[in-house]
Amino acid sequence: MAGVLGIDIGGTGIKAAPVDVVAGRLLAVRVKLPTPRPAAPDSMAPIIRQLVDKFAWQGPIGSTFPGVVSAGTIRTAANLDHGWIGINGPAFLGEAAGQPVTVLNDADAAGIAEMRFGAGRGEQGTVLLLTLGTGIGSALFYNGVLIPNTEFGHIEIGGRDAEERASERAREEQDLSWGKWAGRVDTYLEKMEALLSPDLIIIGGGISKKSDKFLPKLTLKARVVPASLQNDAGIVGAAMAAIA
């Protein structure tokens, strides 16, 4: 089976595209719709259905969620409405889509795709993927095996969530220069390096397209590389999870 619809739910946008899960690539131009405000379940359900209908999709669907997803139950929703907490993700999104949906953490999905098709392909040891976007998502792998729902974006640095200082949203809202923001990212990554001693750090999210503006400014011992699949990694990983 090659074609699977991947949906990537984010704090600012919801993206979808059919995916060739054998080759790890999108089969059509992705469609992105804005995340409604408030980002409550009932206001987001029609967006999910709209994306499914745009591709006239019938078949397996995988969806990310920006929070902890444990045995299908959504446990956290830092950048969405807290009404999501406690909801059965596959049941709710499946009803919205009109067909079965597999749900997993958004950074875990991006990490799965990068480890299979992207910057982490063939890598052993400890690999940490971080998505710098509306918040900071994290996915941790050891010898290619995912340790799910790590949520390292909420580690405190200077008494605040790391994502309040080092996410792409923080850079934009606080109008930080690339140099100043890179310094914040470096401080955060130094903390992660001290805790995990990763062999490789992969930086994902939309910001990975501009990696030349900040990666050279980092001072870590670990290798740090941009995500190969960039902002499509979540869509690809969601699709992969649907047939795993």
# chains A, B, ... in the order shown; residues from 1 in each chain; ligands from 1

call {"tool": "closest_atom_pairs", "arguments": {"of": "stretch 132-165 of chain A", "to": "stretch 109-122 of chain A", "cutoff": "12 Å", "atoms": "only C-alpha atoms", "output": "CSV"}}
result
residue,atom,partner,partner_atom,distance
A:Leu132,CA,A:Ala110,CA,11.8
A:Gly137,CA,A:Ala110,CA,9.4
A:Ser138,CA,A:Gly111,CA,8.1
A:Ala139,CA,A:Gly111,CA,5.7
A:Leu140,CA,A:Gly111,CA,7.8
A:Phe141,CA,A:Gly111,CA,8.2
A:Tyr142,CA,A:Met115,CA,10.8
A:Asn143,CA,A:Gly122,CA,9.0
A:Gly144,CA,A:Met115,CA,6.9
A:Val145,CA,A:Ile112,CA,9.1
A:Leu146,CA,A:Ile112,CA,7.7
A:Ile147,CA,A:Gly111,CA,10.5
A:Pro148,CA,A:Ala109,CA,9.7
A:Asn149,CA,A:Ala109,CA,10.5
A:Thr150,CA,A:Gly111,CA,11.8

call {"tool": "write_last_selection", "arguments": {"atoms": "N, CA and C atoms", "output": "mmCIF file, in the first residue's frame"}}
result
data_model
loop_
_atom_site.group_PDB
_atom_site.id
_atom_site.type_symbol
_atom_site.label_atom_id
_atom_site.label_comp_id
_atom_site.auth_asym_id
_atom_site.auth_seq_id
_atom_site.Cartn_x
_atom_site.Cartn_y
_atom_site.Cartn_z
ATOM 1 N N LEU A 132 11.292 23.412 15.780
ATOM 2 C CA LEU A 132 11.203 24.777 16.296
ATOM 3 C C LEU A 132 10.140 25.506 15.488
ATOM 4 N N GLY A 137 8.841 20.991 19.685
ATOM 5 C CA GLY A 137 8.528 19.575 19.815
ATOM 6 C C GLY A 137 9.810 18.770 19.840
ATOM 7 N N SER A 138 9.757 17.569 20.414
ATOM 8 C CA SER A 138 10.970 16.754 20.509
ATOM 9 C C SER A 138 10.644 15.297 20.239
ATOM 10 N N ALA A 139 11.607 14.618 19.635
ATOM 11 C CA ALA A 139 11.508 13.170 19.429
ATOM 12 C C ALA A 139 12.881 12.578 19.698
ATOM 13 N N LEU A 140 12.928 11.558 20.526
ATOM 14 C CA LEU A 140 14.188 10.951 20.949
ATOM 15 C C LEU A 140 14.245 9.506 20.457
ATOM 16 N N PHE A 141 15.396 9.156 19.852
ATOM 17 C CA PHE A 141 15.593 7.806 19.323
ATOM 18 C C PHE A 141 16.904 7.229 19.857
ATOM 19 N N TYR A 142 16.888 5.942 20.151
ATOM 20 C CA TYR A 142 18.129 5.239 20.478
ATOM 21 C C TYR A 142 18.241 4.027 19.567
ATOM 22 N N ASN A 143 19.301 3.982 18.792
ATOM 23 C CA ASN A 143 19.487 2.922 17.788
ATOM 24 C C ASN A 143 18.238 2.742 16.928
ATOM 25 N N GLY A 144 17.652 3.865 16.551
ATOM 26 C CA GLY A 144 16.510 3.864 15.658
ATOM 27 C C GLY A 144 15.168 3.628 16.311
ATOM 28 N N VAL A 145 15.136 3.394 17.619
ATOM 29 C CA VAL A 145 13.877 3.112 18.338
ATOM 30 C C VAL A 145 13.380 4.385 19.017
ATOM 31 N N LEU A 146 12.124 4.733 18.798
ATOM 32 C CA LEU A 146 11.523 5.942 19.363
ATOM 33 C C LEU A 146 11.188 5.761 20.839
ATOM 34 N N ILE A 147 11.556 6.764 21.644
ATOM 35 C CA ILE A 147 11.051 6.880 23.020
ATOM 36 C C ILE A 147 9.985 7.977 22.966
ATOM 37 N N PRO A 148 8.679 7.645 22.961
ATOM 38 C CA PRO A 148 7.650 8.612 22.582
ATOM 39 C C PRO A 148 7.335 9.659 23.648
ATOM 40 N N ASN A 149 6.733 10.757 23.168
ATOM 41 C CA ASN A 149 6.132 11.782 24.041
ATOM 42 C C ASN A 149 7.120 12.428 25.005
ATOM 43 N N THR A 150 8.289 12.803 24.506
ATOM 44 C CA THR A 150 9.300 13.364 25.415
ATOM 45 C C THR A 150 9.008 14.799 25.842
#

call {"tool": "residues_around", "arguments": {"residues": "A:Asn105", "least_positions_apart": "6", "cutoff": "12 Å", "atoms": "only C-alpha atoms", "output": "mmCIF file with C-alpha atoms, in the first residue's frame"}}
result
data_model
loop_
_atom_site.group_PDB
_atom_site.id
_atom_site.type_symbol
_atom_site.label_atom_id
_atom_site.label_comp_id
_atom_site.auth_asym_id
_atom_site.auth_seq_id
_atom_site.Cartn_x
_atom_site.Cartn_y
_atom_site.Cartn_z
ATOM 1 C CA ILE A 7 -2.427 15.340 8.395
ATOM 2 C CA ASP A 8 -0.142 17.526 10.507
ATOM 3 C CA ILE A 9 -1.950 19.560 13.181
ATOM 4 C CA GLY A 10 -0.012 22.584 14.408
ATOM 5 C CA GLY A 62 -2.576 9.343 9.917
ATOM 6 C CA SER A 63 -2.666 12.551 11.950
ATOM 7 C CA THR A 64 -0.239 14.269 14.271
ATOM 8 C CA PHE A 65 -1.231 16.146 17.417
ATOM 9 C CA PRO A 66 0.910 18.788 19.153
ATOM 10 C CA GLY A 67 0.886 17.203 22.583
ATOM 11 C CA VAL A 68 1.279 13.936 24.456
ATOM 12 C CA VAL A 69 -0.783 11.109 22.924
ATOM 13 C CA SER A 70 -0.849 8.045 25.178
ATOM 14 C CA ALA A 71 -2.657 4.930 23.927
ATOM 15 C CA GLY A 72 -4.755 7.229 21.740
ATOM 16 C CA THR A 73 -5.756 9.592 24.561
ATOM 17 C CA ILE A 74 -4.616 13.214 24.303
ATOM 18 C CA ARG A 75 -2.920 14.163 27.565
ATOM 19 C CA THR A 76 -1.562 17.681 26.885
ATOM 20 C CA ALA A 77 -2.356 20.539 24.481
ATOM 21 C CA GLY A 89 -7.792 11.220 19.451
ATOM 22 C CA GLY A 111 11.216 12.073 13.844
ATOM 23 C CA ILE A 112 9.920 8.781 12.442
ATOM 24 C CA THR A 131 10.916 21.029 15.775
ATOM 25 C CA GLY A 137 8.528 19.575 19.815
ATOM 26 C CA SER A 138 10.970 16.754 20.509
ATOM 27 C CA ALA A 139 11.508 13.170 19.429
ATOM 28 C CA LEU A 146 11.523 5.942 19.363
ATOM 29 C CA ILE A 147 11.051 6.880 23.020
ATOM 30 C CA PRO A 148 7.650 8.612 22.582
ATOM 31 C CA ASN A 149 6.132 11.782 24.041
ATOM 32 C CA THR A 150 9.300 13.364 25.415
ATOM 33 C CA GLU A 151 8.047 17.002 25.338
ATOM 34 C CA GLY A 234 5.131 15.510 10.137
ATOM 35 C CA ILE A 235 2.832 14.696 7.233
ATOM 36 C CA GLY A 237 5.481 10.433 9.609
ATOM 37 C CA ALA A 238 1.740 10.597 10.283
ATOM 38 C CA ALA A 241 2.116 5.576 11.490
#

call {"tool": "closest_residue", "arguments": {"among": "A:Glu173, A:Asp53, A:Glu168, A:Asp81", "to": "A:Thr35", "atoms": "only C-alpha atoms"}}
result
A:Asp81

call {"tool": "atom_distance", "arguments": {"atom1": "atom CA of A:Val103", "atom2": "atom CA of A:Leu200"}}
result
26.4 Å

call {"tool": "residues_around", "arguments": {"residues": "stretch 24-30 of chain A", "least_positions_apart": "5", "cutoff": "7 Å", "atoms": "only C-alpha atoms", "output": "ChimeraX atom specification"}}
result
/A:15-19,117,236

call {"tool": "select_by_dssp", "arguments": {"residues": "stretch 97-231 of chain A", "states": "strand (DSSP E or B)", "output": "number ranges by chain"}}
result
A: 101-105, 126-132, 136-142, 145-147, 156-157, 160-161, 200-204, 223-226

call {"tool": "write_last_selection", "arguments": {"atoms": "C-alpha atoms", "output": "compact mmCIF listing (two decimals), in the first residue's frame"}}
result
# COMPACT_ATOMS: atom_id res chain seq x y z
CA VAL A 101 -7.46 7.88 11.79
CA THR A 102 -4.23 6.94 13.57
CA VAL A 103 -2.96 9.71 15.91
CA LEU A 104 0.50 10.37 17.34
CA ASN A 105 2.59 13.22 18.74
CA THR A 126 21.14 8.70 20.48
CA VAL A 127 19.38 11.00 18.01
CA LEU A 128 17.31 13.99 19.12
CA LEU A 129 14.94 15.72 16.72
CA LEU A 130 13.59 19.13 17.69
CA THR A 131 10.92 21.03 15.77
CA LEU A 132 11.20 24.78 16.30
CA ILE A 136 9.30 23.21 20.49
CA GLY A 137 8.53 19.57 19.82
CA SER A 138 10.97 16.75 20.51
CA ALA A 139 11.51 13.17 19.43
CA LEU A 140 14.19 10.95 20.95
CA PHE A 141 15.59 7.81 19.32
CA TYR A 142 18.13 5.24 20.48
CA VAL A 145 13.88 3.11 18.34
CA LEU A 146 11.52 5.94 19.36
CA ILE A 147 11.05 6.88 23.02
CA GLU A 156 12.65 25.17 32.14
CA ILE A 157 15.49 27.52 31.31
CA ARG A 160 10.50 29.69 31.73
CA ASP A 161 9.52 26.98 29.28
CA LEU A 200 23.07 13.82 16.44
CA ILE A 201 20.57 16.66 16.75
CA ILE A 202 18.15 17.24 13.87
CA ILE A 203 16.42 20.63 13.67
CA GLY A 204 13.00 20.39 12.02
CA ARG A 223 26.47 17.17 15.18
CA VAL A 224 23.54 19.47 14.41
CA VAL A 225 21.85 19.23 11.00
CA PRO A 226 18.61 20.50 9.42

call {"tool": "closest_residue", "arguments": {"among": "A:Val4, A:Ala39, A:Thr12, A:Val22", "to": "A:Pro60", "atoms": "only C-alpha atoms"}}
result
A:Val4

call {"tool": "closest_residue", "arguments": {"among": "A:Gly98, A:Gly183, A:Gly205, A:Pro198", "to": "A:Leu218", "atoms": "only C-alpha atoms"}}
result
A:Gly183

call {"tool": "closest_residue", "arguments": {"among": "A:Leu176, A:Ala222, A:Ile207, A:Lys213", "to": "A:Glu193", "atoms": "only C-alpha atoms"}}
result
A:Ala222

call {"tool": "atom_distance", "arguments": {"atom1": "atom CA of A:Gly179", "atom2": "atom CA of A:Lys209"}}
result
16.6 Å

call {"tool": "select_by_dssp", "arguments": {"residues": "stretch 28-160 of chain A", "states": "alpha helix (DSSP H)", "output": "MDAnalysis selection string"}}
result
chainID A and resid 41:54 89:97 106:117

call {"tool": "residues_around", "arguments": {"residues": "A:Glu172", "least_positions_apart": "6", "cutoff": "12 Å", "atoms": "only C-alpha atoms", "output": "JSON, numbers by chain"}}
result
{"A": [132, 133, 134, 164, 165, 166, 178, 180, 181, 207]}
